[in-house]
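Novice: As input, take upload-v4.cif (mmCIF, C-alpha atoms and all ligand atoms):
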```cif
data_structure
#
loop_
_atom_site.label_atom_id
_atom_site.label_comp_id
_atom_site.auth_asym_id
_atom_site.auth_seq_id
_atom_site.Cartn_x
_atom_site.Cartn_y
_atom_site.Cartn_z
CA PRO A 838 96.08 76.89 140.80
CA HIS A 839 96.34 80.66 140.97
CA ALA A 840 97.26 82.86 137.97
CA VAL A 841 98.05 86.57 138.20
CA VAL A 842 97.17 88.21 134.89
CA VAL A 843 98.83 91.57 134.18
CA ALA A 844 97.40 94.20 131.82
CA GLY A 845 98.61 97.77 131.49
CA ALA A 846 97.88 99.32 128.14
CA ARG A 847 95.17 99.31 125.48
CA PRO A 848 96.30 96.28 123.47
CA ASN A 849 96.86 94.25 126.67
CA PHE A 850 93.21 94.60 127.65
CA VAL A 851 92.07 93.08 124.35
CA LYS A 852 94.43 90.11 124.84
CA ALA A 853 93.73 89.55 128.54
CA LYS A 854 90.00 88.91 128.17
CA PRO A 855 90.10 85.51 126.39
CA VAL A 856 92.99 84.29 128.56
CA LEU A 857 91.21 85.21 131.81
CA ASP A 858 88.08 83.44 130.61
CA ALA A 859 89.96 80.33 129.49
CA LEU A 860 91.99 80.13 132.70
CA ALA A 861 88.81 80.39 134.79
CA ALA A 862 87.14 77.70 132.67
CA GLY A 863 90.25 75.54 133.15
CA GLY A 864 89.97 75.68 136.95
CA PHE A 865 92.39 78.52 137.72
CA ARG A 866 91.78 81.18 140.31
CA THR A 867 92.65 84.41 138.50
CA THR A 868 93.76 87.77 139.85
CA LEU A 869 93.70 90.69 137.40
CA VAL A 870 96.34 93.38 137.94
CA HIS A 871 96.04 96.69 136.04
CA THR A 872 99.38 98.50 136.10
CA GLY A 873 97.83 101.88 135.26
CA GLN A 874 100.16 102.52 132.27
CA HIS A 875 97.04 103.63 130.40
CA TYR A 876 94.54 105.35 132.68
CA ASP A 877 92.20 107.65 130.70
CA GLU A 878 88.61 106.59 130.12
CA ALA A 879 89.30 106.53 126.36
CA MET A 880 92.52 104.49 126.71
CA SER A 881 91.42 102.12 129.48
CA GLY A 882 87.91 102.47 130.94
CA VAL A 883 86.06 101.99 127.65
CA PHE A 884 87.99 98.75 126.98
CA PHE A 885 86.96 97.26 130.32
CA ALA A 886 83.32 98.20 129.71
CA GLU A 887 83.12 96.98 126.11
CA LEU A 888 85.15 93.81 126.59
CA ASP A 889 83.26 92.80 129.71
CA LEU A 890 86.52 92.70 131.58
CA ARG A 891 85.95 92.48 135.28
CA ARG A 892 87.20 95.29 137.50
CA PRO A 893 90.90 94.78 138.19
CA ASP A 894 91.57 93.20 141.58
CA HIS A 895 94.58 95.50 141.97
CA HIS A 896 95.45 98.80 140.29
CA LEU A 897 99.10 99.89 140.46
CA ALA A 898 98.52 103.47 139.21
CA ALA A 899 101.93 103.59 137.50
CA GLY A 900 100.87 106.31 135.02
CA SER A 901 102.98 107.97 132.33
CA GLY A 902 106.66 108.94 132.42
CA SER A 903 109.97 108.23 130.73
CA HIS A 904 110.65 104.56 130.03
CA ALA A 905 112.75 104.16 133.17
CA VAL A 906 110.28 106.04 135.36
CA GLN A 907 107.26 104.14 134.06
CA THR A 908 108.94 100.71 134.14
CA ALA A 909 110.29 101.34 137.63
CA ALA A 910 106.90 102.53 138.91
CA VAL A 911 105.28 99.30 137.75
CA MET A 912 108.09 97.17 139.24
CA THR A 913 108.07 98.97 142.58
CA ALA A 914 104.32 98.53 142.98
CA PHE A 915 104.17 94.97 141.61
CA GLU A 916 106.95 93.45 143.74
CA PRO A 917 105.24 93.62 147.17
CA LEU A 918 101.89 92.68 145.63
CA LEU A 919 103.37 89.59 144.01
CA GLU A 920 104.97 88.57 147.27
CA ARG A 921 101.56 88.79 148.97
CA LEU A 922 99.68 86.98 146.22
CA ALA A 923 102.28 84.19 145.76
CA PRO A 924 100.62 82.80 142.61
CA ASP A 925 101.62 79.73 140.63
CA VAL A 926 102.14 81.80 137.50
CA VAL A 927 102.20 85.41 136.28
CA VAL A 928 100.84 85.96 132.76
CA VAL A 929 102.04 88.99 130.77
CA PHE A 930 101.02 90.11 127.26
CA GLY A 931 102.65 91.80 124.29
CA ASP A 932 105.48 94.29 124.38
CA VAL A 933 104.59 97.32 126.49
CA ASN A 934 106.63 98.60 129.42
CA SER A 935 104.23 96.90 131.87
CA THR A 936 104.99 93.54 130.21
CA LEU A 937 108.71 93.86 130.77
CA ALA A 938 108.35 95.27 134.29
CA CYS A 939 106.16 92.46 135.62
CA ALA A 940 108.07 89.67 133.86
CA LEU A 941 111.26 90.95 135.48
CA VAL A 942 109.73 91.17 138.96
CA ALA A 943 108.26 87.66 138.67
CA ALA A 944 111.47 86.10 137.39
CA LYS A 945 113.53 87.57 140.23
CA ALA A 946 110.92 86.55 142.80
CA GLY A 947 111.18 82.98 141.54
CA VAL A 948 107.59 82.98 140.30
CA ARG A 949 106.86 81.26 136.98
CA ALA A 950 106.19 83.84 134.26
CA ALA A 951 104.35 83.21 131.00
CA HIS A 952 104.51 85.50 127.96
CA VAL A 953 101.56 85.66 125.58
CA GLU A 954 102.66 86.87 122.12
CA ALA A 955 106.24 85.73 122.57
CA GLY A 956 108.91 85.65 119.87
CA LEU A 957 107.81 88.57 117.67
CA ARG A 958 110.88 90.43 116.38
CA SER A 959 111.08 93.46 114.13
CA GLY A 960 114.87 93.37 114.18
CA ASP A 961 114.79 97.09 115.00
CA ARG A 962 116.17 97.82 118.45
CA SER A 963 115.36 101.51 118.14
CA MET A 964 111.76 100.48 118.94
CA PRO A 965 111.19 100.40 122.71
CA GLU A 966 108.79 97.50 122.16
CA GLU A 967 111.56 95.39 120.57
CA ILE A 968 113.67 95.71 123.73
CA ASN A 969 110.64 94.78 125.83
CA ARG A 970 109.95 91.70 123.68
CA ILE A 971 113.50 90.38 123.76
CA VAL A 972 113.97 90.81 127.49
CA ALA A 973 110.52 89.53 128.47
CA ASP A 974 111.00 86.37 126.38
CA HIS A 975 114.30 85.62 128.07
CA LEU A 976 112.65 85.89 131.51
CA CYS A 977 109.59 83.71 130.93
CA ALA A 978 109.25 79.95 131.36
CA ASP A 979 106.22 79.62 129.06
CA LEU A 980 106.43 81.29 125.66
CA PHE A 981 103.17 81.44 123.70
CA ALA A 982 103.71 82.23 120.02
CA THR A 983 101.18 83.48 117.51
CA SER A 984 103.09 82.36 114.42
CA PRO A 985 105.80 79.95 113.18
CA ASP A 986 108.28 82.81 112.61
CA ALA A 987 108.00 83.68 116.31
CA VAL A 988 108.78 80.06 117.25
CA GLU A 989 111.88 80.18 115.03
CA ASN A 990 113.03 83.47 116.60
CA LEU A 991 112.73 82.01 120.11
CA LEU A 992 114.60 78.81 119.26
CA ARG A 993 117.33 80.79 117.49
CA GLU A 994 117.77 82.87 120.65
CA GLY A 995 118.20 79.73 122.71
CA ALA A 996 114.76 79.16 124.24
CA ALA A 997 114.23 75.58 125.42
CA PRO A 998 111.98 73.90 122.83
CA ARG A 999 109.69 72.58 125.57
CA SER A 1000 108.97 76.15 126.73
CA VAL A 1001 107.77 77.30 123.30
CA HIS A 1002 104.14 76.78 122.28
CA LEU A 1003 102.53 77.76 118.98
CA VAL A 1004 98.99 78.53 120.15
CA GLY A 1005 97.63 81.17 117.76
CA ASN A 1006 96.54 84.69 118.47
CA VAL A 1007 94.45 85.77 121.46
CA MET A 1008 93.77 89.18 119.91
CA VAL A 1009 92.00 87.25 117.16
CA ASP A 1010 90.02 85.29 119.79
CA THR A 1011 88.56 88.61 120.93
CA LEU A 1012 88.07 89.91 117.39
CA LEU A 1013 86.13 86.85 116.22
CA ALA A 1014 84.01 86.85 119.39
CA ARG A 1015 83.07 90.53 119.04
CA ARG A 1016 83.08 91.21 115.30
CA ASP A 1017 79.32 90.87 114.74
CA GLU A 1018 78.55 93.14 117.66
CA ALA A 1019 81.02 95.73 116.33
CA LEU A 1020 79.52 95.58 112.85
CA ALA A 1021 76.02 96.13 114.25
CA ARG A 1022 77.02 99.44 115.82
CA PRO A 1023 76.08 102.78 114.24
CA THR A 1024 79.76 103.86 114.23
CA LEU A 1025 80.01 104.57 110.49
CA ALA A 1026 76.58 106.21 110.16
CA GLU A 1027 77.28 108.51 113.09
CA LEU A 1028 80.46 109.71 111.38
CA GLY A 1029 78.73 110.07 108.00
CA LEU A 1030 80.89 107.28 106.52
CA ARG A 1031 79.80 104.51 104.19
CA PRO A 1032 81.39 101.05 104.02
CA GLY A 1033 84.24 101.06 101.51
CA GLY A 1034 84.07 104.84 101.20
CA TYR A 1035 87.01 105.91 103.37
CA GLY A 1036 90.46 104.97 104.61
CA LEU A 1037 91.45 104.54 108.26
CA VAL A 1038 94.70 105.96 109.69
CA THR A 1039 96.34 105.29 113.05
CA LEU A 1040 99.81 106.49 114.09
CA HIS A 1041 101.46 106.50 117.49
CA ARG A 1042 105.01 105.14 117.16
CA PRO A 1043 107.61 107.55 118.52
CA ALA A 1044 109.60 107.20 115.24
CA ASN A 1045 106.59 108.52 113.32
CA VAL A 1046 104.98 111.07 115.62
CA ASP A 1047 107.83 112.39 117.77
CA ASP A 1048 110.11 113.07 114.77
CA ALA A 1049 108.80 116.31 113.18
CA ALA A 1050 110.26 115.60 109.72
CA ALA A 1051 108.82 112.06 109.64
CA LEU A 1052 105.41 113.30 110.77
CA ASP A 1053 105.41 116.09 108.16
CA GLY A 1054 106.21 113.60 105.40
CA LEU A 1055 103.46 111.25 106.54
CA LEU A 1056 100.89 114.04 106.84
CA GLY A 1057 101.85 115.14 103.31
CA ALA A 1058 101.32 111.59 102.06
CA LEU A 1059 97.95 111.36 103.81
CA GLY A 1060 96.88 114.63 102.17
CA GLU A 1061 97.69 113.24 98.71
CA ILE A 1062 95.94 109.93 99.39
CA ALA A 1063 92.89 111.81 100.72
CA THR A 1064 92.34 113.40 97.28
CA ARG A 1065 91.41 109.85 96.12
CA CYS A 1066 89.91 108.43 99.30
CA PRO A 1067 88.89 110.50 102.34
CA LEU A 1068 90.66 109.46 105.55
CA VAL A 1069 89.59 109.25 109.19
CA PHE A 1070 92.32 109.34 111.82
CA PRO A 1071 91.43 108.37 115.41
CA ALA A 1072 94.45 109.66 117.28
CA HIS A 1073 96.27 108.43 120.37
CA PRO A 1074 96.78 111.35 122.83
CA ARG A 1075 100.51 111.61 122.02
CA THR A 1076 99.70 111.79 118.30
CA ALA A 1077 96.92 114.37 118.65
CA ALA A 1078 99.32 116.57 120.63
CA ARG A 1079 101.96 116.40 117.85
CA VAL A 1080 99.66 116.82 114.83
CA GLY A 1081 98.22 120.07 116.20
CA GLY A 1082 96.83 122.22 113.40
CA ARG A 1083 98.89 120.63 110.60
CA LEU A 1084 96.20 118.30 109.29
CA PRO A 1085 95.80 118.23 105.47
CA ALA A 1086 92.39 118.63 103.78
CA GLY A 1087 90.43 115.40 103.51
CA VAL A 1088 91.89 113.91 106.71
CA ARG A 1089 89.57 113.93 109.70
CA LEU A 1090 91.06 113.71 113.18
CA LEU A 1091 89.01 111.89 115.84
CA GLY A 1092 89.78 111.24 119.50
CA PRO A 1093 90.92 107.72 120.47
CA VAL A 1094 88.11 105.24 119.83
CA GLY A 1095 87.04 102.26 121.92
CA TYR A 1096 87.48 98.63 120.90
CA LEU A 1097 84.17 98.06 119.11
CA ASP A 1098 84.34 101.33 117.17
CA SER A 1099 87.92 100.49 116.20
CA VAL A 1100 86.82 97.13 114.79
CA ALA A 1101 83.83 98.74 113.02
CA LEU A 1102 86.06 101.43 111.47
CA GLN A 1103 88.58 98.84 110.28
CA ALA A 1104 85.96 96.48 108.88
CA GLY A 1105 84.31 99.27 106.87
CA ALA A 1106 87.54 100.77 105.53
CA ARG A 1107 88.75 100.49 101.94
CA ILE A 1108 92.33 100.73 103.16
CA VAL A 1109 94.07 100.94 106.55
CA LEU A 1110 97.29 102.94 107.04
CA THR A 1111 98.89 102.25 110.41
CA ASP A 1112 102.01 101.85 112.52
CA SER A 1113 100.20 99.71 115.11
CA GLY A 1114 101.06 96.04 115.60
CA GLY A 1115 97.58 94.91 116.56
CA ILE A 1116 95.92 96.66 113.64
CA GLN A 1117 98.19 94.84 111.16
CA GLU A 1118 96.73 91.62 112.58
CA GLU A 1119 93.12 92.75 112.90
CA SER A 1120 93.00 94.11 109.33
CA THR A 1121 94.37 90.79 108.08
CA VAL A 1122 91.60 88.87 109.85
CA LEU A 1123 88.97 91.36 108.63
CA GLY A 1124 90.36 91.04 105.07
CA VAL A 1125 90.98 94.79 104.72
CA PRO A 1126 94.13 95.96 102.84
CA CYS A 1127 96.71 97.37 105.27
CA LEU A 1128 99.79 99.51 104.65
CA THR A 1129 102.25 99.57 107.56
CA LEU A 1130 104.01 102.94 107.79
CA ARG A 1131 107.21 101.56 109.31
CA GLU A 1132 110.48 100.16 108.00
CA SER A 1133 109.88 96.72 109.51
CA THR A 1134 107.24 94.52 111.03
CA GLU A 1135 107.44 92.03 113.89
CA ARG A 1136 104.34 90.40 112.39
CA PRO A 1137 105.55 89.03 109.01
CA LEU A 1138 102.63 86.58 108.83
CA THR A 1139 100.32 89.53 108.10
CA VAL A 1140 102.39 90.08 104.94
CA THR A 1141 102.94 86.47 103.82
CA GLU A 1142 99.48 85.20 104.78
CA GLY A 1143 97.49 88.42 105.09
CA THR A 1144 96.67 91.77 103.54
CA ASN A 1145 99.58 93.79 104.93
CA ARG A 1146 102.39 95.60 103.06
CA VAL A 1147 105.28 97.22 104.93
CA VAL A 1148 105.95 100.45 103.03
CA GLY A 1149 108.06 102.64 105.33
CA ARG A 1150 107.55 106.37 105.78
CA ASP A 1151 108.88 107.94 102.58
CA ARG A 1152 106.16 110.22 101.19
CA ARG A 1153 106.40 109.09 97.53
CA VAL A 1154 106.60 105.40 98.39
CA VAL A 1155 103.62 105.62 100.74
CA VAL A 1156 101.44 107.47 98.21
CA THR A 1157 102.36 105.12 95.35
CA ALA A 1158 101.64 102.04 97.49
CA ALA A 1159 98.32 103.46 98.67
CA LEU A 1160 97.11 104.32 95.17
CA ASP A 1161 98.20 100.90 93.94
CA THR A 1162 96.39 99.18 96.83
CA LEU A 1163 93.20 101.17 96.18
CA GLU A 1164 93.33 99.99 92.53
CA HIS A 1165 94.38 96.41 93.23
CA PRO A 1166 93.33 95.34 96.74
CA PRO A 1167 94.99 92.09 97.87
CA PRO A 1168 92.73 89.08 98.42
CA PRO A 1169 91.69 88.42 102.03
CA ARG A 1170 93.54 85.54 103.74
CA ARG A 1171 93.74 84.40 107.33
CA PRO A 1172 96.73 82.63 108.91
CA ALA A 1173 96.07 79.09 110.10
CA LEU A 1174 95.59 78.84 113.89
CA TRP A 1175 94.16 82.37 114.12
CA ASP A 1176 90.89 80.63 114.83
CA GLY A 1177 89.53 82.01 118.10
CA GLN A 1178 90.90 79.16 120.24
CA ALA A 1179 94.28 80.52 121.38
CA GLY A 1180 93.14 81.35 124.93
CA ARG A 1181 91.92 77.80 125.43
CA ARG A 1182 95.25 76.36 124.22
CA ILE A 1183 97.17 78.65 126.57
CA ALA A 1184 95.07 77.59 129.57
CA GLN A 1185 95.67 73.91 128.73
CA VAL A 1186 99.43 74.36 128.58
CA LEU A 1187 99.52 76.40 131.80
CA ALA A 1188 97.41 73.85 133.68
CA GLN A 1189 100.01 71.18 132.78
CA ALA A 1190 102.92 73.50 133.51
CA VAL A 1191 101.84 74.40 137.04
CA ALA A 1192 100.85 70.80 137.83
CA HIS A 1193 104.31 69.52 136.77
CA PRO A 1194 106.59 72.54 137.06
CA SER A 1195 109.89 70.67 136.80
CA ALA A 1196 108.88 69.09 133.50
CA GLY A 1197 108.37 72.48 131.89
CA GLY A 1198 105.46 72.98 129.50
CA VAL A 1199 104.24 70.48 126.95
CA SER A 1200 104.70 71.28 123.30
C1 LIG A 1301 102.19 102.20 124.69
C2 LIG A 1301 103.17 101.13 124.29
C3 LIG A 1301 103.01 100.81 122.81
C4 LIG A 1301 101.58 100.46 122.50
C5 LIG A 1301 100.69 101.59 122.95
C6 LIG A 1301 99.23 101.25 122.71
C7 LIG A 1301 105.27 101.07 125.55
C8 LIG A 1301 106.73 101.30 125.46
N1 LIG A 1301 104.56 101.50 124.50
O1 LIG A 1301 102.59 103.38 124.01
O2 LIG A 1301 103.83 99.70 122.48
O3 LIG A 1301 101.45 100.25 121.11
O4 LIG A 1301 100.88 101.82 124.36
O5 LIG A 1301 98.40 102.35 122.81
O6 LIG A 1301 104.81 100.50 126.52
N2 LIG A 1301 98.56 109.06 127.68
C9 LIG A 1301 97.32 109.60 127.92
N3 LIG A 1301 96.38 108.81 128.54
C10 LIG A 1301 96.62 107.54 128.90
C11 LIG A 1301 97.90 107.00 128.68
C12 LIG A 1301 98.86 107.77 128.05
O7 LIG A 1301 97.06 110.73 127.60
O8 LIG A 1301 95.71 106.90 129.46
C13 LIG A 1301 99.57 109.89 127.00
C14 LIG A 1301 100.51 110.54 127.98
O9 LIG A 1301 100.78 111.82 127.52
C15 LIG A 1301 101.75 109.68 127.90
C16 LIG A 1301 101.73 109.23 126.44
O10 LIG A 1301 100.34 109.08 126.13
O11 LIG A 1301 102.90 110.35 128.24
C17 LIG A 1301 102.46 107.95 126.20
O12 LIG A 1301 101.91 106.86 126.97
P1 LIG A 1301 102.80 105.55 127.27
O13 LIG A 1301 102.04 104.57 128.04
O14 LIG A 1301 104.13 105.97 127.80
O15 LIG A 1301 103.12 104.95 125.83
P2 LIG A 1301 102.16 104.81 124.56
O16 LIG A 1301 102.63 105.79 123.54
O17 LIG A 1301 100.73 104.81 124.93
#
```
What is this structure when it is put down as structure tokens?
Ligand code: UD1

Specialist:
Amino acid sequence: PHAVVVAGARPNFVKAKPVLDALAAGGFRTTLVHTGQHYDEAMSGVFFAELDLRRPDHHLAAGSGSHAVQTAAVMTAFEPLLERLAPDVVVVFGDVNSTLACALVAAKAGVRAAHVEAGLRSGDRSMPEEINRIVADHLCADLFATSPDAVENLLREGAAPRSVHLVGNVMVDTLLARRDEALARPTLAELGLRPGGYGLVTLHRPANVDDAAALDGLLGALGEIATRCPLVFPAHPRTAARVGGRLPAGVRLLGPVGYLDSVALQAGARIVLTDSGGIQEESTVLGVPCLTLRESTERPLTVTEGTNRVVGRDRRVVVTAALDTLEHPPPPRRPALWDGQAGRRIAQVLAQAVAHPSAGGVS
């Protein structure tokens, strides 16, 4: 069987690696398509190098733009390619615009589509990712969930039970495979940091960085927290552009970091403050306390079975929660099934699904 695997943005690359490997081990021919949503060396190239991802077989060069422009660019380039490749299944990951675009093209072309990381819901439709998740899930025949809450969301929205598979978390597959290598790197020493001696910040959600009042409040909170615990802040390009010269004392801005440095920085941190989805999960697996600077999370397992607290973006609430977490760090816990084997489970289900397409997947 032939699987087309689509990756477009930073977090997709981390998730694609274990699935590509497991599909190949399970007898699939795999074709890797890079949509080009992320294209800089720091946002794309370094992930391919560090993750040992093979060169994409096809690069769609979609680039940046408004949501409609970017989504349409991916769709327009992917449609003729998919027709040529005529695979048994298209695999998409996560919730970025590339995910939605390729799921939609596959569904309309009558090609089986599979969604890895299906069923996550924040309940907040002002997030572009929430729209992408909902629509992608309704287009895909195979829905791979990381957590029981995601399974419930899918069934509540009417997904056929046989299409829903609780397989665990492929981002954790990659994390467990690469953690030791990340920890052996000189990342902290090169930045003059010592383990447990700093906090890590990442922000890139439009609601946090594109809204000047929200960003000001968050920067104020970071400045207060930094009087107790110095902070390092590797910034996504959109964030770096917005923060400009308004950084408080004690907060150090870095450029975007690669995968292994990101894991090393998280593992060594005393606290993580983030609006990223993936970092909520990675900090849980690494046992590092995480505060999510959003009003909601689509990853409630990181709260109920991990180290995460969702604290919003109000300056006082964020500072109080951070000081409390520094004093009383939560115990490390890891959700069941986040065990490094999710890619293998996905490949098993897909092998069955393409061999017996009318029967749907096996649960
Ligand atoms: C995208 C995802 C988001 C994900 C994030 C991971 C969507 C809707 N959003 O957000 O869910 O968490 O990726 O990083 O798909 N840029 C560069 N270099 C690049 C790519 C982008 O400088 O290689 C800059 C451009 O100025 C661009 C901006 O970042 O306009 C936004 O990029 P885009 O892909 O539209 O969304 P992200 O904010 O990266």

Novice: For Gly1005 (chain A), find every residue with an atom within 6 Å (counting all atoms listed in the file), except residues of its own chain fewer than 2 positions away, and show them as a list in words.

Specialist: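 Listing them by chain and then by number gives Thr983, Leu1174, Trp1175 and Ala1179 of chain A.
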
Novice: To one decimal place in Å, what is the distance between CA of Pro1137 (chain A) and CA of Val1109 (chain A)?

Specialist: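 Spanning CA of Pro1137 (chain A) to CA of Val1109 (chain A) is a straight-line distance of 16.7 Å.
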
Novice: Pick out the residues no farther than 6 Å from ligand LIG 1301 (chain A), counting all atoms listed in the file, and list them as a list in words.

Specialist: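 The neighbouring residues of ligand LIG 1301 (chain A) are, in order, Ala846, Arg847, Pro848, Gln874, His875, Tyr876, Asp877, Met880, Ser901, Gly902, Asp932, Val933, Asn934, Pro965, Glu966, Pro1074 and Arg1075 of chain A.
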
Novice: Go through A:Ala1077, A:Leu1160, A:Ala951, A:Gly1143 one by one, measure the shortest atom-to-atom distance of each to Ala1063 (chain A) using all atoms listed in the file, and give the residue with the smallest value.

Specialist: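 Of the candidates, the smallest distance to Ala1063 (chain A) is held by A:Leu1160.
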
Novice: If you measure from CA of Thr867 (chain A) to CA of Val883 (chain A), what distance in Å do you get, rounded to one decimal?

Specialist: 21.7 Å

Novice: Counting all atoms listed in the file, which of A:Ala1159, A:Leu1030, A:Val1148, A:Leu1003 gets nearest to Leu1059 (chain A)?

Specialist: A:Ala1159

Novice: List the spatial neighbours of Val953 (chain A) as a ChimeraX atom specification - criterion: any atom at most 9 Å away, only C-alpha atoms, same-chain residues fewer than 3 positions off excluded.

Specialist: /A:852,928-931,979-983,1006-1007,1183

Novice: Could you check which of A:Ala1050, A:Leu1187, A:Leu1163, A:Ala946 is closest to His1002 (chain A), using only C-alpha atoms?

Specialist: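 Counting only C-alpha atoms, the residue closest to His1002 (chain A) is A:Leu1187.
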
Novice: For Leu1040 (chain A), which residue out of A:Leu1110, A:Val1001, A:Leu1028, A:Ala1078 is the nearest one, using all atoms listed in the file?

Specialist: A:Leu1110

Novice: Do you know which residues are at most 12 Å from region 854-859 of chain A counting only C-alpha atoms, after dropping those on the same chain fewer than 6 positions away, and could you put them as a ChimeraX atom specification?

Specialist: /A:839-844,847-848,865-870,884-893,927-930,951-954,981,1004,1006-1015,1177-1188

Novice: Given all atoms listed in the file as the basis, pick out the residue of A:Arg1152, A:Ile1062, A:Val1038, A:Val1088 nearest to Ile1116 (chain A).

Specialist: A:Val1038

Novice: With distances taken over all atoms listed in the file, which residue among A:Glu1119, A:Glu1132, A:Asp1017, A:Asp1098 lies nearest Ala1044 (chain A)?

Specialist: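 Checking each candidate against Ala1044 (chain A), we get A:Glu1132 as the closest.
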
Novice: Contacts of Val1046 (chain A) at 12 Å or less, counting only C-alpha atoms, minus same-chain residues fewer than 4 places along, as an MDAnalysis selection string?

Specialist: chainID A and resid 1039:1042 1050:1056 1072:1081 1111:1112 1130:1131 1150

Novice: Grab the CA of Leu1084 (chain A) to CA of Ala1058 (chain A) distance for me, in Å with one decimal place.

Specialist: 11.1 Å

Novice: Report as a PyMOL selection string all protein, DNA and RNA residues lying within 9 Å of Ala940 (chain A), evaluated on only C-alpha atoms, omitting residues in the same chain fewer than 2 positions from it.

Specialist: chain A and resi 927-929+935-938+942-945+950-952+972-974+976-977

Novice: Draw an axis-aligned box tight on the listed atoms of region 1130-1142 of chain A, then pad every side by 4 Å and write out centre and edge lengths in Å to one decimal as JSON.

Specialist:
```
{"center_x": 105.0, "center_y": 94.1, "center_z": 108.9, "size_x": 19.0, "size_y": 25.7, "size_z": 18.1}
```
